[in-house]
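Take a look at the structure set out below.
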Amino acid sequence: MATEVQTAPTKDATVVKPRIGISSCLLGAAVRWDGGHKRDRFLTDVLATWVEWVDVCPEMGIGLGAPRETVHLLGRADAPRLVGTKSGADHTDAMESFSRAKVDELAALDLAGYVLKSDSPSCGMERVRVYNQKGMAERRGVGAFAKVLLERFPLLPIEEEGRLHDSVLRESFLDRVFAYQRLLEFRRGTLAPRAIVDFHRVHKYQLMAHSPKHYSELGRMVALAGTADRRELVERYSRLFMEALGAHATPKRHFNVLQHLAGYFKDELDADGKRELAQAFDDYRKRLVPLVVPIALVRHHVRALDVGYLRDQTYLAPSPKELTLRNYT
Ligand code: SF4
């Protein structure tokens with residue numbers, strides 16, 4: 001369960017544990033067709049400390065048991081059937097009903113993300129093999145359960161475990177998960193104009209690192225918080241907010257953001273302090289050090305000089321530091 005509910009974002013991204021859906025076999029449950037599992041060590045040994053898992057095995061969910069006959073996608077890539085590879089038993093309708101009921105159940109749990117098992121005809125998010133009647137396969141399908149999940153939660157950060165082995169994709173996914181968690185808490189709050197303005201304010205530099213264009217557009221929405229229909233405004237804001245964070249935060253944009261941040265306290269530093277800061281920024285620009293180096297220095301100055309406006313910027317602490325975010329950016 002989420003441990004605490006707040007109406008405004010916090011400066012500490014570790015306060016609330018996001019609840020994340022996951023394919024059961026990735027947690028080590030013996031639910032695969034062969035009675036085995038696909039435990040993923042990063043998920044079970046690292047990420048598990050910071051999130052609450054909600055596991056789902058769709059094939060067990062429709063009563064196939066383990067071990068069981070393997071299934072695959074058969075037919076047209078855009079509307080394949082889910083069938084047993086030997087028996088030809090058609091599980092499409094059962095999976096469809098299970099999936100619709102399950103996503104309704106999940107909707108009530110306020111998930112902040114989902115990790116799916118790659119290549120699975122039920123859980124795979126993309127490039128799943130779809131076979132034709134001659135037994136030839138094309139990697140153009142989406143797993144039967146994943147398809148319903150993706151349709152139902154278009155804003156939810158969803159990734160496959162294989163892609164999370166790429167450090168950049170992993171960082172992007174986790175940044176979005178913790179941002180989505182803050183968005184959920186914000187949406188549970190009063191939605192008073194002040195709360196909307198505050199939510200936008202604390203995400204200013206995180207948004208700017210991803211997409212200055214989205215940041216400006218979101219700002220124009222927030223300016224209407226006192227007069228517009230606030231529920232409708234927050235709906236539109238949420239969609240654009242998650243779209244913004246889906247944009248790639250380039251090193252150039254990070255560099256620009258760092259310079260903006262330094263503008264808040266640079267004049268208060270002595271010559272050595274200024275030199276050290278400029279050096280860290282330049283090293284990052286040349287890709288000699290990861291983003292975490294200049295960020296750590298900025299955080300130190302924000303704390304030491306008590307720079308109020310920056311203290312709760314999510315850019316400086318988007319997620320628990322133990323997850324090594326920004327070590328690869
Ligand atoms: S990939 Fe999905 S359906 Fe297959 S065993 Fe894992 S959780 Fe179950």
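Each chain in the structure tokens gets a letter, A, B and so on, in the order shown; residues start at 1 in every chain, and ligands are counted from 1 in the order they appear.
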Within 8 Å of Arg127 in chain A using only C-alpha atoms, minus same-chain residues under 5 positions, as a ChimeraX atom specification: /A:119,139-142
Taking the chain letters and numbering used in this document, name the residues of range 118-317 of chain A that DSSP puts in strand (DSSP E or B), as a list in words. Val128, Arg129, Val130, Tyr131, Ala137, Glu138, Arg139, Arg140, Gly141, Ile158, Glu159 and Glu160 of chain A
Counting only C-alpha atoms, what is within 10 Å of range 68-70 of chain A, bar same-chain residues fewer than 4 positions away, as a list of chain:residue names?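 My list of contacting residues is A:Val31, A:Arg32, A:Trp33, A:Asp34, A:Gly35, A:Glu59, A:Met60, A:Gly63, A:Leu64, A:Val83, A:Gly84, A:Thr85, A:Lys86, A:Ser87, A:Ala89, A:Pro121.
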Minimum-distance residue to ligand 1, chosen among A:Val197, A:Val46, A:Met125, A:Ala101 (using only C-alpha atoms and all ligand atoms): A:Met125
How would you write, as an NGL selection string, the set of residues no farther than 9 Å from ligand 1 when counting only C-alpha atoms and all ligand atoms? :A and (22-26 or 29-33 or 35-38 or 55-61 or 66 or 116-124 or 143 or 145)
